[in-house]
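As provided, structure24.cif (mmCIF, C-alpha atoms) reads as follows.
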```
data_my_file
#
loop_
_atom_site.label_atom_id
_atom_site.label_comp_id
_atom_site.auth_asym_id
_atom_site.auth_seq_id
_atom_site.Cartn_x
_atom_site.Cartn_y
_atom_site.Cartn_z
CA MET P 1 -5.93 -4.14 5.73
CA ALA P 2 -6.14 -4.93 9.46
CA ASP P 3 -4.17 -8.14 8.93
CA SER P 4 -1.50 -6.69 6.69
CA ALA P 5 -1.11 -3.67 8.98
CA ASN P 6 0.23 -6.09 11.58
CA THR P 7 2.73 -7.75 9.25
CA PRO P 8 6.18 -6.18 9.26
CA ILE P 9 7.78 -5.14 5.99
CA ASP P 10 10.88 -7.28 5.31
CA PHE P 11 13.92 -5.24 4.30
CA TYR P 12 16.93 -7.19 2.93
CA PHE P 13 20.21 -5.36 2.38
CA ASP P 14 23.98 -5.70 2.29
CA PHE P 15 26.08 -3.20 4.27
CA SER P 16 28.21 -2.60 1.14
CA SER P 17 25.22 -1.65 -1.05
CA PRO P 18 24.88 2.08 -1.85
CA TYR P 19 21.18 1.81 -2.70
CA GLY P 20 20.69 -0.33 0.43
CA TYR P 21 22.08 2.59 2.43
CA LEU P 22 19.68 5.03 0.77
CA MET P 23 16.74 2.72 1.51
CA ALA P 24 17.86 2.27 5.13
CA GLU P 25 17.73 6.04 5.62
CA LYS P 26 14.10 6.20 4.48
CA ILE P 27 12.12 3.00 4.92
CA ASP P 28 11.24 3.08 8.64
CA ALA P 29 9.85 6.63 8.55
CA LEU P 30 7.88 5.86 5.37
CA ALA P 31 6.47 2.63 6.83
CA ALA P 32 5.57 4.38 10.09
CA ARG P 33 3.45 6.93 8.18
CA TYR P 34 1.26 3.97 7.15
CA GLY P 35 1.31 2.27 10.57
CA ARG P 36 3.77 -0.39 9.47
CA SER P 37 6.97 -1.67 11.06
CA VAL P 38 10.07 -2.94 9.27
CA THR P 39 12.18 -6.03 9.97
CA TRP P 40 15.77 -5.50 8.87
CA HIS P 41 17.71 -8.42 7.37
CA PRO P 42 21.38 -7.78 6.56
CA VAL P 43 22.52 -10.42 4.06
CA LEU P 44 25.66 -11.20 2.04
CA LEU P 45 25.27 -10.23 -1.60
CA GLY P 46 28.33 -12.24 -2.67
CA ILE P 47 26.53 -15.46 -1.72
CA ILE P 48 23.23 -14.25 -3.18
CA PHE P 49 24.82 -13.30 -6.52
CA GLN P 50 26.52 -16.71 -6.71
CA ALA P 51 23.33 -18.57 -5.86
CA THR P 52 21.04 -16.63 -8.19
CA GLY P 53 23.38 -15.84 -11.11
CA SER P 54 22.46 -12.18 -10.60
CA ARG P 55 25.17 -9.52 -10.78
CA PRO P 56 26.18 -6.41 -8.88
CA PRO P 57 25.35 -3.09 -10.58
CA VAL P 58 28.98 -2.15 -11.20
CA VAL P 59 30.08 -4.84 -13.68
CA GLY P 60 30.44 -4.96 -17.44
CA ALA P 61 30.50 -1.90 -19.64
CA SER P 62 32.74 0.86 -18.44
CA SER P 63 30.08 3.36 -19.59
CA LYS P 64 27.56 1.60 -17.32
CA ALA P 65 30.00 1.28 -14.41
CA SER P 66 30.86 4.98 -14.46
CA TYR P 67 27.16 5.83 -14.76
CA MET P 68 26.38 3.70 -11.70
CA PHE P 69 28.98 5.45 -9.53
CA HIS P 70 27.57 8.78 -10.70
CA ASP P 71 24.01 7.61 -10.00
CA PHE P 72 24.83 6.47 -6.44
CA ALA P 73 25.81 10.04 -5.51
CA ARG P 74 23.08 11.74 -7.55
CA SER P 75 20.39 9.47 -6.10
CA ALA P 76 21.61 10.39 -2.62
CA ARG P 77 21.40 14.11 -3.46
CA HIS P 78 17.95 13.57 -4.96
CA MET P 79 16.85 11.96 -1.69
CA GLY P 80 18.61 14.53 0.54
CA ILE P 81 21.02 11.97 2.03
CA PRO P 82 24.74 12.63 2.65
CA TYR P 83 26.99 10.45 0.49
CA ASN P 84 30.68 10.09 -0.26
CA MET P 85 31.83 7.25 -2.48
CA PRO P 86 33.97 4.97 -0.26
CA SER P 87 37.60 4.62 -1.32
CA ARG P 88 37.40 0.81 -0.88
CA PHE P 89 34.29 -0.63 -2.54
CA PRO P 90 32.70 -3.11 -2.28
CA LEU P 91 33.77 -4.58 1.07
CA PRO P 92 33.04 -7.89 2.85
CA THR P 93 30.27 -7.26 5.36
CA GLN P 94 29.94 -10.43 7.43
CA ASN P 95 31.31 -8.82 10.59
CA ALA P 96 28.79 -5.96 10.45
CA ALA P 97 25.95 -8.38 9.67
CA ARG P 98 26.91 -10.76 12.50
CA ALA P 99 27.10 -7.84 14.93
CA PHE P 100 23.65 -6.72 13.80
CA TYR P 101 22.08 -10.13 14.51
CA TRP P 102 23.79 -10.40 17.89
CA LEU P 103 22.52 -6.93 18.87
CA ALA P 104 19.06 -7.68 17.46
CA GLY P 105 18.82 -10.61 19.87
CA GLN P 106 19.03 -8.10 22.72
CA ASP P 107 17.54 -4.83 21.50
CA ILE P 108 16.07 -4.50 18.03
CA ALA P 109 15.93 -0.69 18.11
CA LEU P 110 19.61 -0.56 19.09
CA ALA P 111 20.47 -3.00 16.29
CA LYS P 112 18.82 -0.70 13.72
CA GLN P 113 20.63 2.37 15.09
CA PHE P 114 23.86 0.39 14.86
CA ALA P 115 23.06 -0.63 11.27
CA LEU P 116 22.46 2.98 10.22
CA ALA P 117 25.71 3.98 11.96
CA VAL P 118 27.59 1.28 10.02
CA TYR P 119 26.10 2.52 6.74
CA ARG P 120 27.04 6.14 7.55
CA ALA P 121 30.53 5.08 8.64
CA PHE P 122 30.98 3.49 5.19
CA PHE P 123 29.09 5.83 2.85
CA VAL P 124 29.77 9.15 4.61
CA ALA P 125 32.94 8.77 6.72
CA ASP P 126 34.76 6.29 4.40
CA ARG P 127 35.60 3.93 7.28
CA ASP P 128 36.63 0.32 6.63
CA ILE P 129 33.50 -1.44 7.91
CA SER P 130 34.90 -4.84 6.91
CA ALA P 131 37.30 -4.72 9.89
CA PRO P 132 36.02 -6.21 13.17
CA GLU P 133 37.73 -3.31 14.96
CA THR P 134 35.59 -0.74 13.13
CA VAL P 135 32.43 -2.72 13.84
CA LEU P 136 33.34 -2.87 17.56
CA GLU P 137 34.11 0.87 17.63
CA ILE P 138 30.76 1.74 16.09
CA ALA P 139 28.90 -0.54 18.52
CA ALA P 140 30.84 0.92 21.46
CA GLU P 141 29.43 4.36 20.58
CA PHE P 142 26.06 2.89 21.59
CA GLY P 143 27.39 1.56 24.88
CA VAL P 144 27.82 -2.01 23.66
CA ASP P 145 30.45 -4.09 25.47
CA ARG P 146 33.32 -4.54 22.98
CA ASP P 147 34.64 -7.75 24.49
CA LYS P 148 31.24 -9.45 24.50
CA LEU P 149 30.51 -8.37 20.92
CA GLY P 150 34.05 -9.29 19.83
CA ALA P 151 33.55 -12.81 21.20
CA ALA P 152 30.08 -13.02 19.61
CA LEU P 153 31.49 -12.21 16.15
CA GLN P 154 33.51 -15.43 16.37
CA SER P 155 30.78 -17.60 17.89
CA PRO P 156 29.39 -20.53 15.88
CA GLU P 157 25.85 -19.45 16.86
CA ILE P 158 26.15 -16.02 15.22
CA LYS P 159 27.91 -17.42 12.16
CA ALA P 160 25.11 -19.96 11.78
CA ARG P 161 22.49 -17.25 12.31
CA LEU P 162 23.85 -15.16 9.42
CA LYS P 163 24.08 -18.24 7.19
CA ASP P 164 20.46 -19.08 8.03
CA GLU P 165 19.37 -15.52 7.28
CA VAL P 166 21.04 -15.59 3.86
CA ASP P 167 19.44 -18.97 3.11
CA ALA P 168 16.04 -17.63 4.17
CA ALA P 169 16.51 -14.56 1.96
CA LEU P 170 17.27 -16.81 -1.03
CA GLN P 171 14.17 -18.86 -0.21
CA ALA P 172 12.16 -15.63 -0.16
CA GLY P 173 13.40 -14.81 -3.68
CA VAL P 174 15.89 -12.08 -2.74
CA PHE P 175 18.37 -11.44 -5.58
CA GLY P 176 19.84 -8.02 -4.72
CA SER P 177 19.99 -5.10 -2.30
CA PRO P 178 17.83 -3.38 -1.25
CA HIS P 179 15.04 -5.91 -1.65
CA LEU P 180 11.76 -5.44 0.23
CA ILE P 181 8.79 -7.72 0.65
CA ILE P 182 5.51 -6.11 1.63
CA ASP P 183 2.57 -8.49 2.11
CA GLY P 184 4.15 -10.90 -0.40
CA GLU P 185 4.94 -8.17 -2.94
CA ALA P 186 8.64 -7.72 -3.80
CA PHE P 187 10.27 -4.35 -4.49
CA PHE P 188 13.90 -4.15 -5.64
CA GLY P 189 15.97 -0.97 -5.49
CA ALA P 190 15.92 2.37 -3.68
CA ASP P 191 14.23 3.79 -6.78
CA ARG P 192 11.13 1.74 -5.95
CA LEU P 193 10.36 3.98 -2.92
CA PRO P 194 7.62 5.88 -4.82
CA GLN P 195 5.98 2.55 -5.75
CA ILE P 196 6.32 1.35 -2.15
CA GLU P 197 4.58 4.50 -0.90
CA HIS P 198 1.89 4.07 -3.57
CA TRP P 199 1.46 0.45 -2.42
CA LEU P 200 1.23 1.31 1.31
CA GLU P 201 -1.15 4.17 0.58
CA SER P 202 -3.55 2.15 -1.54
CA GLY P 203 -3.12 -1.35 -0.14
CA GLY P 204 -1.85 -2.52 -3.53
CA PHE P 205 -2.41 -1.26 -7.08
CA MET A 206 19.50 28.20 -18.33
CA ALA A 207 18.77 30.12 -21.56
CA ASP A 208 21.31 28.03 -23.43
CA SER A 209 20.27 24.66 -22.05
CA ALA A 210 16.60 25.50 -22.61
CA ASN A 211 17.36 25.48 -26.33
CA THR A 212 19.15 22.12 -26.24
CA PRO A 213 16.89 19.15 -26.89
CA ILE A 214 16.86 16.23 -24.47
CA ASP A 215 18.23 13.07 -26.15
CA PHE A 216 16.05 10.00 -25.60
CA TYR A 217 17.55 6.64 -26.64
CA PHE A 218 15.33 3.56 -26.65
CA ASP A 219 14.71 0.17 -28.24
CA PHE A 220 11.18 -0.62 -29.46
CA SER A 221 11.35 -3.95 -27.57
CA SER A 222 12.15 -2.30 -24.20
CA PRO A 223 9.26 -2.21 -21.67
CA TYR A 224 10.77 0.63 -19.66
CA GLY A 225 11.54 2.43 -22.95
CA TYR A 226 7.82 2.28 -23.70
CA LEU A 227 6.94 3.72 -20.28
CA MET A 228 9.42 6.56 -20.79
CA ALA A 229 8.10 7.25 -24.31
CA GLU A 230 4.61 7.75 -22.89
CA LYS A 231 5.84 10.45 -20.45
CA ILE A 232 9.00 12.25 -21.52
CA ASP A 233 7.68 14.77 -24.07
CA ALA A 234 4.95 16.11 -21.76
CA LEU A 235 7.38 16.32 -18.84
CA ALA A 236 10.01 18.10 -20.94
CA ALA A 237 7.39 20.52 -22.33
CA ARG A 238 6.45 21.58 -18.79
CA TYR A 239 10.01 22.89 -18.50
CA GLY A 240 10.13 24.40 -21.99
CA ARG A 241 12.32 21.61 -23.38
CA SER A 242 11.98 19.48 -26.51
CA VAL A 243 13.04 15.84 -26.91
CA THR A 244 14.94 14.19 -29.76
CA TRP A 245 14.01 10.53 -30.08
CA HIS A 246 16.67 7.98 -31.03
CA PRO A 247 15.49 4.40 -31.55
CA VAL A 248 18.52 2.09 -31.25
CA LEU A 249 19.21 -1.65 -31.30
CA LEU A 250 19.90 -2.98 -27.82
CA GLY A 251 21.32 -6.26 -29.12
CA ILE A 252 24.23 -4.38 -30.66
CA ILE A 253 24.59 -2.09 -27.65
CA PHE A 254 24.67 -5.02 -25.20
CA GLN A 255 27.32 -6.76 -27.33
CA ALA A 256 29.44 -3.63 -27.60
CA THR A 257 29.24 -2.63 -23.92
CA GLY A 258 29.09 -6.01 -22.18
CA SER A 259 25.89 -4.81 -20.53
CA ARG A 260 22.92 -7.17 -20.19
CA PRO A 261 19.16 -7.03 -20.65
CA PRO A 262 17.15 -6.97 -17.41
CA VAL A 263 15.64 -10.41 -17.92
CA VAL A 264 18.71 -12.66 -17.69
CA GLY A 265 20.22 -14.72 -14.92
CA ALA A 266 18.40 -15.64 -11.76
CA SER A 267 14.94 -16.97 -12.29
CA SER A 268 13.84 -15.08 -9.16
CA LYS A 269 15.11 -11.86 -10.76
CA ALA A 270 13.62 -12.64 -14.18
CA SER A 271 10.16 -13.28 -12.75
CA TYR A 272 10.48 -10.12 -10.63
CA MET A 273 11.34 -8.10 -13.72
CA PHE A 274 8.28 -9.30 -15.64
CA HIS A 275 6.16 -8.45 -12.61
CA ASP A 276 7.82 -5.05 -12.29
CA PHE A 277 7.21 -4.14 -15.96
CA ALA A 278 3.45 -4.41 -15.41
CA ARG A 279 3.45 -2.89 -11.93
CA SER A 280 5.56 0.07 -13.06
CA ALA A 281 3.05 0.66 -15.86
CA ARG A 282 0.15 0.61 -13.37
CA HIS A 283 2.09 2.93 -11.05
CA MET A 284 2.50 5.36 -13.96
CA GLY A 285 -1.07 4.98 -15.23
CA ILE A 286 -0.04 3.43 -18.55
CA PRO A 287 -1.82 0.47 -20.23
CA TYR A 288 0.41 -2.62 -20.44
CA ASN A 289 0.07 -6.25 -21.49
CA MET A 290 3.16 -8.43 -21.53
CA PRO A 291 3.74 -9.36 -25.19
CA SER A 292 3.56 -13.08 -25.97
CA ARG A 293 6.80 -12.86 -28.02
CA PHE A 294 9.53 -10.96 -26.18
CA PRO A 295 12.02 -9.55 -26.92
CA LEU A 296 11.70 -8.99 -30.66
CA PRO A 297 14.09 -7.64 -33.33
CA THR A 298 13.25 -3.98 -33.91
CA GLN A 299 15.33 -2.85 -36.88
CA ASN A 300 12.30 -2.50 -39.18
CA ALA A 301 10.48 -0.24 -36.73
CA ALA A 302 13.64 1.80 -36.10
CA ARG A 303 14.37 2.19 -39.84
CA ALA A 304 10.78 3.28 -40.45
CA PHE A 305 11.13 5.86 -37.67
CA TYR A 306 14.25 7.42 -39.21
CA TRP A 307 12.70 7.49 -42.67
CA LEU A 308 9.59 9.22 -41.32
CA ALA A 309 11.69 11.57 -39.17
CA GLY A 310 13.39 12.78 -42.36
CA GLN A 311 9.99 14.04 -43.51
CA ASP A 312 7.95 14.93 -40.42
CA ILE A 313 9.43 14.60 -36.95
CA ALA A 314 6.06 14.93 -35.16
CA LEU A 315 4.63 12.16 -37.33
CA ALA A 316 7.67 9.98 -36.59
CA LYS A 317 7.07 10.32 -32.84
CA GLN A 318 3.37 9.50 -33.22
CA PHE A 319 4.38 6.46 -35.25
CA ALA A 320 6.91 5.42 -32.56
CA LEU A 321 4.29 5.62 -29.82
CA ALA A 322 1.90 3.62 -32.00
CA VAL A 323 4.57 0.93 -32.50
CA TYR A 324 5.15 0.76 -28.74
CA ARG A 325 1.40 0.46 -28.06
CA ALA A 326 1.03 -2.15 -30.79
CA PHE A 327 3.66 -4.23 -29.01
CA PHE A 328 3.01 -3.57 -25.30
CA VAL A 329 -0.78 -3.19 -25.39
CA ALA A 330 -2.10 -5.01 -28.49
CA ASP A 331 0.56 -7.79 -28.57
CA ARG A 332 1.26 -7.30 -32.29
CA ASP A 333 4.45 -8.66 -33.89
CA ILE A 334 6.29 -5.38 -34.46
CA SER A 335 9.34 -7.24 -35.82
CA ALA A 336 7.45 -7.95 -39.07
CA PRO A 337 7.79 -5.35 -41.87
CA GLU A 338 4.08 -5.90 -42.60
CA THR A 339 3.09 -4.75 -39.08
CA VAL A 340 5.35 -1.72 -39.31
CA LEU A 341 3.78 -0.78 -42.67
CA GLU A 342 0.25 -1.27 -41.29
CA ILE A 343 0.95 1.00 -38.33
CA ALA A 344 2.47 3.68 -40.58
CA ALA A 345 -0.47 3.42 -42.98
CA GLU A 346 -2.79 4.39 -40.12
CA PHE A 347 -1.04 7.79 -40.26
CA GLY A 348 -1.52 8.09 -44.01
CA VAL A 349 2.01 6.98 -44.90
CA ASP A 350 2.43 5.41 -48.36
CA ARG A 351 3.09 1.71 -47.72
CA ASP A 352 4.99 1.12 -50.95
CA LYS A 353 7.34 4.03 -50.39
CA LEU A 354 7.99 3.06 -46.80
CA GLY A 355 8.35 -0.62 -47.75
CA ALA A 356 11.04 0.32 -50.28
CA ALA A 357 12.74 2.63 -47.77
CA LEU A 358 13.04 -0.21 -45.22
CA GLN A 359 15.27 -2.02 -47.73
CA SER A 360 17.28 0.99 -48.86
CA PRO A 361 21.02 1.16 -48.09
CA GLU A 362 20.58 4.78 -46.94
CA ILE A 363 18.13 3.91 -44.15
CA LYS A 364 20.11 0.85 -43.09
CA ALA A 365 23.22 3.02 -42.87
CA ARG A 366 21.30 5.70 -40.96
CA LEU A 367 20.23 3.23 -38.26
CA LYS A 368 23.77 1.86 -38.02
CA ASP A 369 25.12 5.40 -37.65
CA GLU A 370 22.54 6.17 -34.95
CA VAL A 371 23.53 3.07 -32.94
CA ASP A 372 27.23 4.00 -33.30
CA ALA A 373 26.49 7.56 -32.16
CA ALA A 374 24.54 6.23 -29.16
CA LEU A 375 27.52 4.07 -28.16
CA GLN A 376 29.79 7.09 -28.54
CA ALA A 377 27.42 9.02 -26.26
CA GLY A 378 27.77 6.31 -23.58
CA VAL A 379 24.37 4.67 -24.04
CA PHE A 380 24.31 1.17 -22.50
CA GLY A 381 20.57 0.41 -22.14
CA SER A 382 17.00 1.57 -22.74
CA PRO A 383 15.62 4.05 -21.90
CA HIS A 384 18.72 6.21 -21.67
CA LEU A 385 18.39 9.99 -21.62
CA ILE A 386 21.00 12.71 -21.85
CA ILE A 387 20.03 16.15 -20.57
CA ASP A 388 22.70 18.85 -20.90
CA GLY A 389 25.40 16.19 -20.67
CA GLU A 390 23.78 14.40 -17.70
CA ALA A 391 22.79 10.75 -18.28
CA PHE A 392 19.68 9.13 -16.80
CA PHE A 393 19.04 5.41 -17.26
CA GLY A 394 15.64 3.79 -16.68
CA ALA A 395 11.99 4.83 -16.52
CA ASP A 396 12.40 4.92 -12.73
CA ARG A 397 14.67 7.97 -13.13
CA LEU A 398 11.68 10.15 -14.16
CA PRO A 399 11.47 11.75 -10.68
CA GLN A 400 15.18 12.63 -10.86
CA ILE A 401 14.72 13.95 -14.41
CA GLU A 402 11.90 16.20 -13.21
CA HIS A 403 14.02 17.32 -10.24
CA TRP A 404 16.87 18.09 -12.69
CA LEU A 405 14.69 20.07 -15.11
CA GLU A 406 13.05 21.95 -12.25
CA SER A 407 16.30 22.98 -10.57
CA GLY A 408 18.71 23.12 -13.50
CA GLY A 409 20.79 20.36 -11.87
CA PHE A 410 21.21 19.25 -8.25
#
```

Would you write out, as structure tokens, the structure that this file holds?
Amino acid sequence: MADSANTPIDFYFDFSSPYGYLMAEKIDALAARYGRSVTWHPVLLGIIFQATGSRPPVVGASSKASYMFHDFARSARHMGIPYNMPSRFPLPTQNAARAFYWLAGQDIALAKQFALAVYRAFFVADRDISAPETVLEIAAEFGVDRDKLGAALQSPEIKARLKDEVDAALQAGVFGSPHLIIDGEAFFGADRLPQIEHWLESGGF
Amino acid sequence: MADSANTPIDFYFDFSSPYGYLMAEKIDALAARYGRSVTWHPVLLGIIFQATGSRPPVVGASSKASYMFHDFARSARHMGIPYNMPSRFPLPTQNAARAFYWLAGQDIALAKQFALAVYRAFFVADRDISAPETVLEIAAEFGVDRDKLGAALQSPEIKARLKDEVDAALQAGVFGSPHLIIDGEAFFGADRLPQIEHWLESGGF
């Protein structure tokens, strides 16, 4: 337990993932109750679905698709989290993810606050988080220099960093969002929170 | 609440569905705590997947498939339910489903006991529940006449009954297993048990 208590929980998510948003609102506080920290890894589900042959939840049967949209909102209510289905969904999220990694290189706590703000901008305020302008506006609310971040979003270093992160996620077996790895054990989906708590509580079951 | 308390919960499942098994072990006791009864509807997922374009959980990415097999067993441990991954999976389940409907026509409580026994035969004892012989053996343990049931499995009436049940499930929007409908509200997956309890407790949220 002493060893694993020092190992951060890995949390993989896409900024366009409703269940990723729900997990993001809960995982740090849950982990902290068991003395654990969380490393956040925004990834690009489009690439991950292509590489793994996995699929997004809202595909196929219309009865399933309409259920999923209903379940996004109901799961949020169940968890006490504000939620409004975005009018444009899903969206490309590379700008938000690149901004996260650039901010994380300077201040990891700020990067997480930014990430939560991006999620809330999308899933509460219905803002177009695919646009660089929106990403810069959200970051500016935290005092981030817009020009510096704007330049970073176009830099080869940050583009390569995101590509490396997605590759590393695939190597780690990530096939969807949210996907967590706790001491080598994978948990997929916001609905696995009770199992995650059970796992942290008991050191595995 | 008085009206809905008299409406049974509809529980759709396939006898080859691991999460259907986990739900079957829990739903009647949970419903009873809130004064509700449950109507069980075994269905054939093969037909439902074809009709809806939906997919079974274990398809696609090998990383996802191996996660799913791991999650079946872990979810069972989390819920305190015995589980051994069957050596043949998935299996055709029309014989078990036909036997259920024939028994349900005579004694609904017996039919549910039989259904749970079929699930345990498959997901604990690794028996081949696709074989008519296994289905007859399991029913015989409850004192059911093997010859009568054996004849019923081949009767046009029971075949038509199962077909009608699958059609009705599709009409009701069922796209997977387990799928529950409570006062018009759909819940998909054993992992929705906490939301189902929340729903029964509060009369909707």

| task | Fewer than 2 positions away in the same chain doesn't count, so skip those; otherwise give me all residues within 9 Å of stretch 335-343 of chain A, counting all atoms listed in the file, as number ranges by chain. | result | A: 296-301, 304, 319, 322-323, 326, 332-333, 345-347, 349-352, 354-355, 358

| task | Measuring atom to atom with all atoms listed in the file, identify which of P:Gly204, P:Gly189, P:Gly173, P:Pro56 is nearest to P:Ser16. | result |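 Smallest distance to P:Ser16 is found for P:Pro56.
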
| task | Determine which residues of chain A sit within 8 Å of chain P, taking into account all atoms listed in the file, and present them as a list in words. | result |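 Residues of chain A within 8 Å of chain P, counting all atoms listed in the file: Thr257, Gly258, Ser259, Gly265, Ala266, Ser267, Ser268, Lys269, Tyr272, Arg279, Ser280, Arg282, His283, Gly378, Val379, Phe380, Ala391, Asp396, Arg397, Gln400, His403 and Phe410 of chain A.
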
| Coordinates-based distance that separates atom CA of A:Phe327 from atom CA of A:Pro291 (Å, one decimal) |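 Atom CA of A:Phe327 lies at a distance of 6.4 Å from atom CA of A:Pro291.
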
| If I put a ball of radius 12 Å at (4.4, 14.2, -20.0) in the file's coordinates, which residues poke into it when counting only C-alpha atoms, written as a PyMOL selection string? | chain A and resi 227-243+284-286+398-399+401-402

| said: What's around P:Tyr119 at 7 Å? Count only C-alpha atoms, leave out sequence neighbours fewer than 4 positions away in its own chain, and write the answer as a VMD selection string. | reply: chain P and resid 15 21 115 123

| query | Between atom CA of P:Lys159 and atom CA of P:Leu103, what is the distance, to one decimal in Å? | reply |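 Going from atom CA of P:Lys159 over to atom CA of P:Leu103, I get 13.6 Å.
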
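Taking atom CA of P:Phe89 as the reference point, atom CA of P:Ala109 is found at 27.6 Å.
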
Any chance you could resolve the PyMOL selection byres ((chain A and resi 213) around 9) against this file and give the residues as an mmCIF file with C-alpha atoms, keeping the file's coordinate frame?
```cif
data_model
loop_
_atom_site.group_PDB
_atom_site.id
_atom_site.type_symbol
_atom_site.label_atom_id
_atom_site.label_comp_id
_atom_site.auth_asym_id
_atom_site.auth_seq_id
_atom_site.Cartn_x
_atom_site.Cartn_y
_atom_site.Cartn_z
ATOM 1 C CA SER A 209 20.270 24.660 -22.050
ATOM 2 C CA ALA A 210 16.600 25.500 -22.610
ATOM 3 C CA ASN A 211 17.360 25.480 -26.330
ATOM 4 C CA THR A 212 19.150 22.120 -26.240
ATOM 5 C CA ILE A 214 16.860 16.230 -24.470
ATOM 6 C CA ASP A 215 18.230 13.070 -26.150
ATOM 7 C CA ARG A 241 12.320 21.610 -23.380
ATOM 8 C CA SER A 242 11.980 19.480 -26.510
ATOM 9 C CA VAL A 243 13.040 15.840 -26.910
ATOM 10 C CA THR A 244 14.940 14.190 -29.760
ATOM 11 C CA ILE A 387 20.030 16.150 -20.570
ATOM 12 C CA ASP A 388 22.700 18.850 -20.900
#
```

| Between P:His179, P:His41, P:Arg120, P:Arg161, which one has atoms that come closest to P:Tyr83, using all atoms listed in the file? |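 Nearest candidate to P:Tyr83 out of P:His179, P:His41, P:Arg120, P:Arg161: P:Arg120.
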
| message | Calculated over all atoms listed in the file, which of the candidates P:Ala139, P:Ile158, P:Ile181, P:Val43 has the smallest distance to P:Lys112? | response |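 Between P:Ala139, P:Ile158, P:Ile181, P:Val43, the residue approaching P:Lys112 most closely is P:Ala139.
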
Would you mind exporting stretch 232-256 of chain A with C-alpha atoms, as a PDB file, in the first residue's frame?
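Okay, part.pdb is ready:
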```pdb
ATOM      1  CA  ILE A 232     -33.199  -6.684  -9.324  1.00  0.00           C
ATOM      2  CA  ASP A 233     -36.069  -8.492  -7.578  1.00  0.00           C
ATOM      3  CA  ALA A 234     -34.734  -7.825  -4.062  1.00  0.00           C
ATOM      4  CA  LEU A 235     -34.022  -4.186  -4.920  1.00  0.00           C
ATOM      5  CA  ALA A 236     -37.483  -3.696  -6.437  1.00  0.00           C
ATOM      6  CA  ALA A 237     -39.135  -5.387  -3.442  1.00  0.00           C
ATOM      7  CA  ARG A 238     -37.504  -2.879  -1.077  1.00  0.00           C
ATOM      8  CA  TYR A 239     -39.539  -0.224  -2.886  1.00  0.00           C
ATOM      9  CA  GLY A 240     -42.736  -2.286  -3.092  1.00  0.00           C
ATOM     10  CA  ARG A 241     -42.283  -3.059  -6.793  1.00  0.00           C
ATOM     11  CA  SER A 242     -42.450  -6.333  -8.711  1.00  0.00           C
ATOM     12  CA  VAL A 243     -40.405  -7.282 -11.784  1.00  0.00           C
ATOM     13  CA  THR A 244     -41.544  -8.930 -15.013  1.00  0.00           C
ATOM     14  CA  TRP A 245     -38.734 -10.940 -16.582  1.00  0.00           C
ATOM     15  CA  HIS A 246     -38.368 -11.028 -20.369  1.00  0.00           C
ATOM     16  CA  PRO A 247     -35.651 -13.296 -21.761  1.00  0.00           C
ATOM     17  CA  VAL A 248     -34.857 -12.162 -25.319  1.00  0.00           C
ATOM     18  CA  LEU A 249     -32.403 -13.084 -28.078  1.00  0.00           C
ATOM     19  CA  LEU A 250     -29.628 -10.515 -28.382  1.00  0.00           C
ATOM     20  CA  GLY A 251     -28.502 -11.822 -31.770  1.00  0.00           C
ATOM     21  CA  ILE A 252     -31.804 -10.718 -33.287  1.00  0.00           C
ATOM     22  CA  ILE A 253     -31.823  -7.463 -31.327  1.00  0.00           C
ATOM     23  CA  PHE A 254     -28.279  -6.566 -32.421  1.00  0.00           C
ATOM     24  CA  GLN A 255     -29.197  -7.285 -36.054  1.00  0.00           C
ATOM     25  CA  ALA A 256     -32.382  -5.233 -35.865  1.00  0.00           C
TER      26      ALA A 256
END
```
